[in-house]
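Visitor: One structure, pasted below without further comment.
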Amino acid sequence: MKIGEAARRVGLEPSAIRFYESAAVVPAPGRTASGYRDYQEGDVETLRFVHRLRSLGLPLDDVRGILNLSLSGQAPCMPVREAIAREAAAIDDRIADLLRLRNEFARLQEEAADMTDNWPASCVCHVLDDKEQVNE
């Protein structure tokens, strides 16, 4: 099947498939006599697998390594576990950062509710003065 059909079946754009091929994430498919990419069912399954890993947010290097192990007949379980643990920890860090930021906005919102709005027009709203650092 041509790249457009493979892309539709996987839920990707043809340009994404070309990118994955050029970045050596997936092996290049066979070619027809006229030079078109010719995808087989196995290629579509590989592209689905890559799409799933990328939809989870795994970096291309991880996807490439996991897929290479899998295609070579090796179980990629350890790299998958390591990638999952690393990405989960990164998400925890982002959540903690967002909670700190949300707390700072709540503090500013509370402070702003107690302020009057009769400042000179040339003055920036004092609620945004750097009284406390956001990242403390």
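Letters A, B, ... go to the chains of the structure tokens in the order shown; residues in each chain start at 1; ligands are counted from 1 in the same order.
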Do you know which residues are at most 8 Å from Val26 of chain A counting only C-alpha atoms, after dropping those on the same chain fewer than 2 positions away, and could you put them as a list in words?

Guide: Tyr20, Glu21, Ala23, Ala24, Ala28, Thr46, Leu47, Arg64 and Leu67 of chain A

Visitor: Report as a VMD selection string: the residues of chain A with a DSSP assignment of helix (DSSP H, G or I), based on the backbone of this structure.

Guide: chain A and resid 3 to 10 14 to 22 41 to 55 60 to 71 77 to 113 126 to 128

Visitor: Please identify which residues in chain A DSSP calls strand (DSSP E or B) from the backbone, and express them as a PyMOL selection string.

Guide: chain A and resi 30-31+37-38

Visitor: With 12 Å as the cut-off and only C-alpha atoms counted, what is the closest atom pair between each nearby residue of segment 15-61 of chain A and segment 70-80 of chain A? Distances in Å to one decimal, ordered by chain and number, as JSON lines.

Guide:
```
{"residue": "A:Val25", "atom": "CA", "partner": "A:Leu71", "partner_atom": "CA", "distance": 11.3}
{"residue": "A:Val26", "atom": "CA", "partner": "A:Leu71", "partner_atom": "CA", "distance": 9.7}
{"residue": "A:Pro27", "atom": "CA", "partner": "A:Leu71", "partner_atom": "CA", "distance": 9.6}
{"residue": "A:Gly42", "atom": "CA", "partner": "A:Leu71", "partner_atom": "CA", "distance": 10.7}
{"residue": "A:Asp43", "atom": "CA", "partner": "A:Leu71", "partner_atom": "CA", "distance": 11.0}
{"residue": "A:Glu45", "atom": "CA", "partner": "A:Leu71", "partner_atom": "CA", "distance": 11.6}
{"residue": "A:Thr46", "atom": "CA", "partner": "A:Leu71", "partner_atom": "CA", "distance": 9.0}
{"residue": "A:Phe49", "atom": "CA", "partner": "A:Ser70", "partner_atom": "CA", "distance": 10.6}
{"residue": "A:Val50", "atom": "CA", "partner": "A:Ser70", "partner_atom": "CA", "distance": 11.6}
{"residue": "A:Leu53", "atom": "CA", "partner": "A:Val80", "partner_atom": "CA", "distance": 9.8}
{"residue": "A:Leu56", "atom": "CA", "partner": "A:Val80", "partner_atom": "CA", "distance": 11.8}
{"residue": "A:Leu58", "atom": "CA", "partner": "A:Val80", "partner_atom": "CA", "distance": 9.7}
{"residue": "A:Pro59", "atom": "CA", "partner": "A:Val80", "partner_atom": "CA", "distance": 11.7}
{"residue": "A:Asp61", "atom": "CA", "partner": "A:Pro79", "partner_atom": "CA", "distance": 11.1}
```

Visitor: Have a look at atom CA of Gly65 of chain A and atom CA of Ile84 of chain A and let me know their distance in Å, one decimal.

Guide: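 It comes out at 13.7 Å.
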
Visitor: Restricting the calculation to only C-alpha atoms, which member of A:Leu101, A:Ala83, A:Ala33, A:Ala16 is positioned closest to Val63 of chain A?

Guide: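 Among A:Leu101, A:Ala83, A:Ala33, A:Ala16, it is A:Ala83 that comes nearest to Val63 of chain A.
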
Visitor: Could you check the closest approach to Gly57 of chain A for each of A:Leu69, A:Met115, A:Ala7, A:Ala90 and tell me which residue wins, using only C-alpha atoms?

Guide: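 Using only C-alpha atoms, Gly57 of chain A sits closest to A:Ala90.
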
Visitor: Would you work out the distance separating atom CA of Leu60 of chain A from atom CA of Asp38 of chain A, expressed in Å to one decimal?

Guide: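 If I compute the distance from atom CA of Leu60 of chain A to atom CA of Asp38 of chain A, I get 23.5 Å.
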
Visitor: Could you list, as a ChimeraX atom specification, every residue within 10 Å of Leu12 of chain A, counting only C-alpha atoms and ignoring same-chain residues fewer than 5 positions away?

Guide: /A:4,6-7,17,47-48,51

Visitor: Include all heavy atoms and write out the residues we just selected as a PDB file, in the first residue's frame.

Guide:
```
ATOM      1  N   GLY A   4      -0.016   7.148   1.758  1.00  0.00           N
ATOM      2  CA  GLY A   4      -1.274   7.770   2.183  1.00  0.00           C
ATOM      3  C   GLY A   4      -2.194   6.776   2.877  1.00  0.00           C
ATOM      4  O   GLY A   4      -2.799   7.083   3.908  1.00  0.00           O
ATOM      5  N   ALA A   6      -1.246   3.865   4.309  1.00  0.00           N
ATOM      6  CA  ALA A   6      -0.610   3.466   5.564  1.00  0.00           C
ATOM      7  C   ALA A   6      -0.839   4.552   6.625  1.00  0.00           C
ATOM      8  O   ALA A   6      -1.169   4.241   7.768  1.00  0.00           O
ATOM      9  CB  ALA A   6       0.876   3.224   5.350  1.00  0.00           C
ATOM     10  N   ALA A   7      -0.688   5.797   6.242  1.00  0.00           N
ATOM     11  CA  ALA A   7      -0.879   6.907   7.179  1.00  0.00           C
ATOM     12  C   ALA A   7      -2.306   6.931   7.709  1.00  0.00           C
ATOM     13  O   ALA A   7      -2.529   7.099   8.915  1.00  0.00           O
ATOM     14  CB  ALA A   7      -0.532   8.231   6.498  1.00  0.00           C
ATOM     15  N   ILE A  17       5.369   9.972   8.804  1.00  0.00           N
ATOM     16  CA  ILE A  17       5.983   8.689   8.441  1.00  0.00           C
ATOM     17  C   ILE A  17       7.325   8.935   7.748  1.00  0.00           C
ATOM     18  O   ILE A  17       8.320   8.275   8.066  1.00  0.00           O
ATOM     19  CB  ILE A  17       5.030   7.859   7.560  1.00  0.00           C
ATOM     20  CG1 ILE A  17       3.787   7.479   8.377  1.00  0.00           C
ATOM     21  CG2 ILE A  17       5.744   6.623   7.016  1.00  0.00           C
ATOM     22  CD1 ILE A  17       2.708   6.770   7.577  1.00  0.00           C
ATOM     23  N   LEU A  47       4.480   1.087  12.498  1.00  0.00           N
ATOM     24  CA  LEU A  47       4.097   2.496  12.584  1.00  0.00           C
ATOM     25  C   LEU A  47       3.079   2.729  13.699  1.00  0.00           C
ATOM     26  O   LEU A  47       3.147   3.747  14.401  1.00  0.00           O
ATOM     27  CB  LEU A  47       3.548   2.983  11.245  1.00  0.00           C
ATOM     28  CG  LEU A  47       4.580   3.114  10.124  1.00  0.00           C
ATOM     29  CD1 LEU A  47       3.889   3.305   8.779  1.00  0.00           C
ATOM     30  CD2 LEU A  47       5.537   4.263  10.424  1.00  0.00           C
ATOM     31  N   ARG A  48       2.164   1.795  13.892  1.00  0.00           N
ATOM     32  CA  ARG A  48       1.203   1.910  15.012  1.00  0.00           C
ATOM     33  C   ARG A  48       1.940   1.899  16.347  1.00  0.00           C
ATOM     34  O   ARG A  48       1.610   2.652  17.260  1.00  0.00           O
ATOM     35  CB  ARG A  48       0.193   0.763  14.975  1.00  0.00           C
ATOM     36  CG  ARG A  48      -0.957   1.002  14.081  1.00  0.00           C
ATOM     37  CD  ARG A  48      -2.087  -0.004  14.343  1.00  0.00           C
ATOM     38  NE  ARG A  48      -3.101   0.195  13.344  1.00  0.00           N
ATOM     39  CZ  ARG A  48      -3.376  -0.628  12.349  1.00  0.00           C
ATOM     40  NH1 ARG A  48      -2.732  -1.772  12.251  1.00  0.00           N
ATOM     41  NH2 ARG A  48      -4.307  -0.337  11.470  1.00  0.00           N
ATOM     42  N   HIS A  51       3.660   5.185  16.790  1.00  0.00           N
ATOM     43  CA  HIS A  51       2.646   6.204  17.090  1.00  0.00           C
ATOM     44  C   HIS A  51       2.194   6.104  18.544  1.00  0.00           C
ATOM     45  O   HIS A  51       2.040   7.115  19.238  1.00  0.00           O
ATOM     46  CB  HIS A  51       1.467   6.041  16.123  1.00  0.00           C
ATOM     47  CG  HIS A  51       0.417   7.076  16.254  1.00  0.00           C
ATOM     48  ND1 HIS A  51       0.680   8.421  16.274  1.00  0.00           N
ATOM     49  CD2 HIS A  51      -0.924   6.972  16.356  1.00  0.00           C
ATOM     50  CE1 HIS A  51      -0.444   9.101  16.390  1.00  0.00           C
ATOM     51  NE2 HIS A  51      -1.443   8.237  16.445  1.00  0.00           N
TER      52      HIS A  51
END
```
